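Down below is the structure, laid out as structure tokens.
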Amino acid sequence: MTRRAVLLLVALAAAALVIGLASGASGLSPGQVWRALVDPSAAGAVIVRQLRAPRVLLAFAVGGSLAVSGAALQALIRNPLADPYLLGLSGGAGVGAVIAMALRWPSAWAVPLAAFVGALGAVALVYRLSAVVGRRLDPRVLLLSGVIVGAFAAAIMTAIISLSSAEQLRNAFLWLLGGFGAASWHALVLFAAWAALPLAVLVVSGRGLDLLHLGDEPAESLGADVDRLRRRILVATSLLTAAGVAVSGIVGFVGLIVPHAMRGVVGPIHRSLLPGAFVAGGAFLVLADALARTVVRPMELPVGVVTAVVGVPIFALLLRRSLR
Amino acid sequence: MILEAQGLRVHYPGADQPSLDGVGLRVEPGHLMAVVGPNGSGKTTMLRALLGLVPLSAGLVRLDGRPLLEWRRAEVAMSVATMPQREEPAPLLTAEDAVLLGRYPRLGALTPVGSADRLAVRRAMERCDAWVLRHRVVDTLSGGEWQRVRLARALAQEPRLLLLDEPTASLDVRHAMELLELVGTLVVGGLGVLIITHELNLAARYADRIVVLQRGRMVADGPPAEVITPTVLGPVFEWPLAITEWAPGIPQVFPLRPGESGPPLFGPQADR
């Protein structure tokens, strides 16, 4: 990574964090944000410290994790237009969340936990479907299995929603589109503690990802244990993405666009790309969340709506450029 | 450092016949061995078997006397470099970074790239006439340039043995000759090389030993003059061939058209 790229990313992250802390139902100036951070008795200190800071940091951590997962999966299946949800995670999470809401499980943690279990269950099913005995894990088969499991999950989800009351339906729908309204210091600590290990695994696998990106045979000739590497990366990205889904619902396009765009900035070598994608993905989601809180003030949009509205045009542009 | 295979047998599940049966050979320093044979005769399977990448139903591969399965993949890649037949250039990767990947077996997961690695990359690229391409993105390279970059990557591994799968397949005459001349120089310098190729004539000129595969079995193994003969190759390729001698010990092959009976004489023999 060049020094310029590092400076650019640090500036981006800092700007995003300040904007994230300043925006919301009551807008603050950067100066007010600073005073609230250094002085607990300043005006707005409670809002900034108790509500916005954990929310902004959680959005940053989730956005970064999604972007890192996306970058790793794109190298794994050798397709720059892959998404961290492509292995059935979003469908499985949806089924889990909808079941928890339909059965009115009481705890505040019921929906996130059910979504988390559903997401991992779906990945396990995808993995099981792809692993034909005696054959190696083929990324194309993985992709197709992801589509199949996703369709199956969508059917189950629709069945449950069609049997639910209107209010449950609305809640399930909004939850799935993602948001950080329920963010707390507690959720942030839990997420960070969970995400640390898979993130570390992916960073350590950076050189392996460079090799996988070349294709199986060149990777093997350069000393990569392709099958083991692929399994390790699948497990790490699944654990990471499922945790993201649990704390914020299904936030699309971050894991798709950010790594793709960052390859243009820091290059395709994963030792630069993964940290770059983490910072850019974090900043992107913090900004998207800030928009979600402000455009229809005092109401909030699901953050997944914002990332899609911003992401689709960018995606279309990148798609056109990559086809040229 | 010697790569030695004995009695290799590979039988893919569901296949009627084994893809490889009873194949044994040695790749040793200072020698260039060519492996020839029709499409589907098991050449690439043999290469994968030599690298421990396909399950063997019988046989054993040893590297430096130790069974290959006892080696870690990265350890193998420090001694044996391979250039697989097909490889799509990865998007956005510069040629220099692509060659730097050849250092990965030595670098491990987290060691930073050092000046020794940079130097090895530069020297490998210079040898392959690819240093001028270092800033180019690999998916914009021509077929010949990409092949040179891949060879440079293999040399950046600083291997003792080099296994090449149809390295000249997409190259024009000049680039094919340049590549083989470079490989020939490296062999004189002590590198052990195995080349899989369809270019019988180039094999005859560069290899000191030629192995012929047919339906997974070795049907000939010896110096070019013993192997490149109508009696050996005619039945293998199932096509009438005429053989002439370009220089002592260097036979050359001419596939015959229906009705033709012999090659035109030219080269050193035409003067006799």
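We name chains A, B, ... following the order of the structure tokens; residues begin at 1 in each chain, and ligands are numbered from 1 as shown.
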
*For chain A, work out the contacting residues on chain B at 9 Å, counting only C-alpha atoms, and write them as an MDAnalysis selection string.*
chainID B and resid 13 51 53 72:78 80:94 97 101:105 108:110 154 157

Tell me, which residues of region 45-233 of chain B carry DSSP helix (DSSP H, G or I), written as a compact mmCIF listing (two decimals) with C-alpha atoms, in the first residue's frame?
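Okay, selection-v5.txt is ready:
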# COMPACT_ATOMS: atom_id res chain seq x y z
CA THR B 45 -1.97 -36.59 -14.86
CA MET B 46 1.60 -37.80 -14.55
CA LEU B 47 2.72 -34.27 -13.71
CA ARG B 48 0.03 -33.94 -11.06
CA ALA B 49 0.97 -37.35 -9.67
CA LEU B 50 4.62 -36.27 -9.48
CA LEU B 68 6.54 -36.75 -1.22
CA LEU B 69 3.56 -37.01 1.13
CA GLU B 70 5.87 -36.32 4.07
CA ARG B 73 3.38 -28.24 0.02
CA ALA B 74 5.34 -25.03 0.59
CA GLU B 75 8.52 -27.06 1.18
CA VAL B 76 8.04 -28.82 -2.15
CA ALA B 77 7.50 -25.47 -3.85
CA MET B 78 10.87 -24.27 -2.54
CA SER B 79 12.64 -27.02 -4.50
CA ALA B 95 3.84 -8.48 -13.66
CA GLU B 96 6.27 -7.74 -10.84
CA ASP B 97 3.71 -8.66 -8.18
CA ALA B 98 2.85 -11.79 -10.18
CA VAL B 99 6.50 -12.88 -10.11
CA LEU B 100 6.73 -11.97 -6.42
CA LEU B 101 4.15 -14.72 -5.80
CA GLY B 102 7.02 -17.11 -6.60
CA ARG B 103 8.58 -16.04 -3.29
CA TYR B 104 5.51 -16.98 -1.24
CA PRO B 105 6.65 -20.54 -0.44
CA ARG B 106 9.69 -19.00 1.27
CA LEU B 107 7.84 -16.11 2.88
CA SER B 115 15.30 -7.04 -0.37
CA ALA B 116 16.51 -10.59 -1.10
CA ASP B 117 13.05 -11.39 -2.44
CA ARG B 118 12.99 -8.23 -4.56
CA LEU B 119 16.40 -9.12 -5.93
CA ALA B 120 15.35 -12.69 -6.76
CA VAL B 121 12.29 -11.34 -8.56
CA ARG B 122 14.36 -8.89 -10.56
CA ARG B 123 16.95 -11.48 -11.52
CA ALA B 124 14.29 -14.00 -12.55
CA MET B 125 12.49 -11.38 -14.64
CA GLU B 126 15.72 -10.25 -16.28
CA ARG B 127 16.59 -13.83 -17.21
CA TRP B 131 11.84 -6.95 -16.47
CA VAL B 132 10.59 -4.38 -18.98
CA LEU B 133 7.09 -5.70 -18.38
CA VAL B 138 -0.79 -9.12 -16.47
CA ASP B 139 -4.16 -9.38 -18.17
CA THR B 140 -2.97 -6.90 -20.79
CA GLY B 143 0.41 -14.78 -24.75
CA GLY B 144 4.19 -14.80 -25.14
CA GLU B 145 4.75 -12.06 -22.57
CA TRP B 146 2.50 -13.81 -20.05
CA GLN B 147 4.39 -17.06 -20.57
CA ARG B 148 7.69 -15.24 -19.88
CA VAL B 149 6.26 -13.74 -16.70
CA ARG B 150 5.08 -17.17 -15.56
CA LEU B 151 8.49 -18.67 -16.23
CA ALA B 152 10.04 -15.80 -14.29
CA ARG B 153 7.69 -16.59 -11.40
CA ALA B 154 8.83 -20.21 -11.48
CA LEU B 155 12.48 -19.10 -11.45
CA ALA B 156 11.80 -16.69 -8.58
CA VAL B 173 8.67 -19.72 -33.28
CA ARG B 174 10.89 -17.02 -31.81
CA HIS B 175 9.35 -17.04 -28.37
CA ALA B 176 9.26 -20.83 -28.25
CA MET B 177 12.95 -20.99 -29.17
CA GLU B 178 13.87 -18.24 -26.72
CA LEU B 179 12.09 -20.04 -23.91
CA LEU B 180 13.74 -23.37 -24.70
CA GLU B 181 17.16 -21.75 -25.11
CA LEU B 182 16.77 -20.20 -21.66
CA VAL B 183 15.66 -23.52 -20.20
CA GLY B 184 18.63 -25.19 -21.92
CA THR B 185 21.01 -22.68 -20.31
CA LEU B 186 19.47 -23.31 -16.90
CA VAL B 187 19.93 -27.07 -17.36
CA VAL B 188 23.62 -26.52 -18.12
CA LEU B 200 8.41 -33.72 -31.02
CA ASN B 201 11.07 -31.94 -33.04
CA LEU B 202 11.92 -29.46 -30.32
CA ALA B 203 11.91 -32.28 -27.76
CA ALA B 204 14.43 -34.14 -29.92
CA ARG B 205 16.72 -31.12 -30.04
CA TYR B 206 16.64 -30.03 -26.42
CA PRO B 224 15.97 -39.01 -28.74
CA ALA B 225 17.67 -41.19 -31.36
CA GLU B 226 16.20 -44.33 -29.77
CA VAL B 227 12.72 -42.98 -29.16
CA PRO B 230 8.83 -44.66 -36.96
CA THR B 231 8.42 -47.97 -35.14
CA VAL B 232 7.96 -46.32 -31.73
CA LEU B 233 5.99 -43.22 -32.66

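When only C-alpha atoms are used to measure the gap to Lys43 (chain B), the shortest distance among B:Gly216, B:Gly59, B:Gly65, B:Gly192 belongs to B:Gly216.
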
_Let me make sure I understand: among A:Ile233, A:Ala246, A:Ala53, A:Val254, which one has the smallest atom-to-atom distance to Gly118 (chain A) if we use only C-alpha atoms?_
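Result for the nearest residue to Gly118 (chain A): A:Ala246.
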
_Which of region 7-197 of chain B fall in strand (DSSP E), as a count of residues only_ = 39

*Nearest to Arg49 (chain A), chosen from A:Leu9, A:Leu21, A:Val265, A:Ala67, with only C-alpha atoms counted in the distances*: A:Leu21
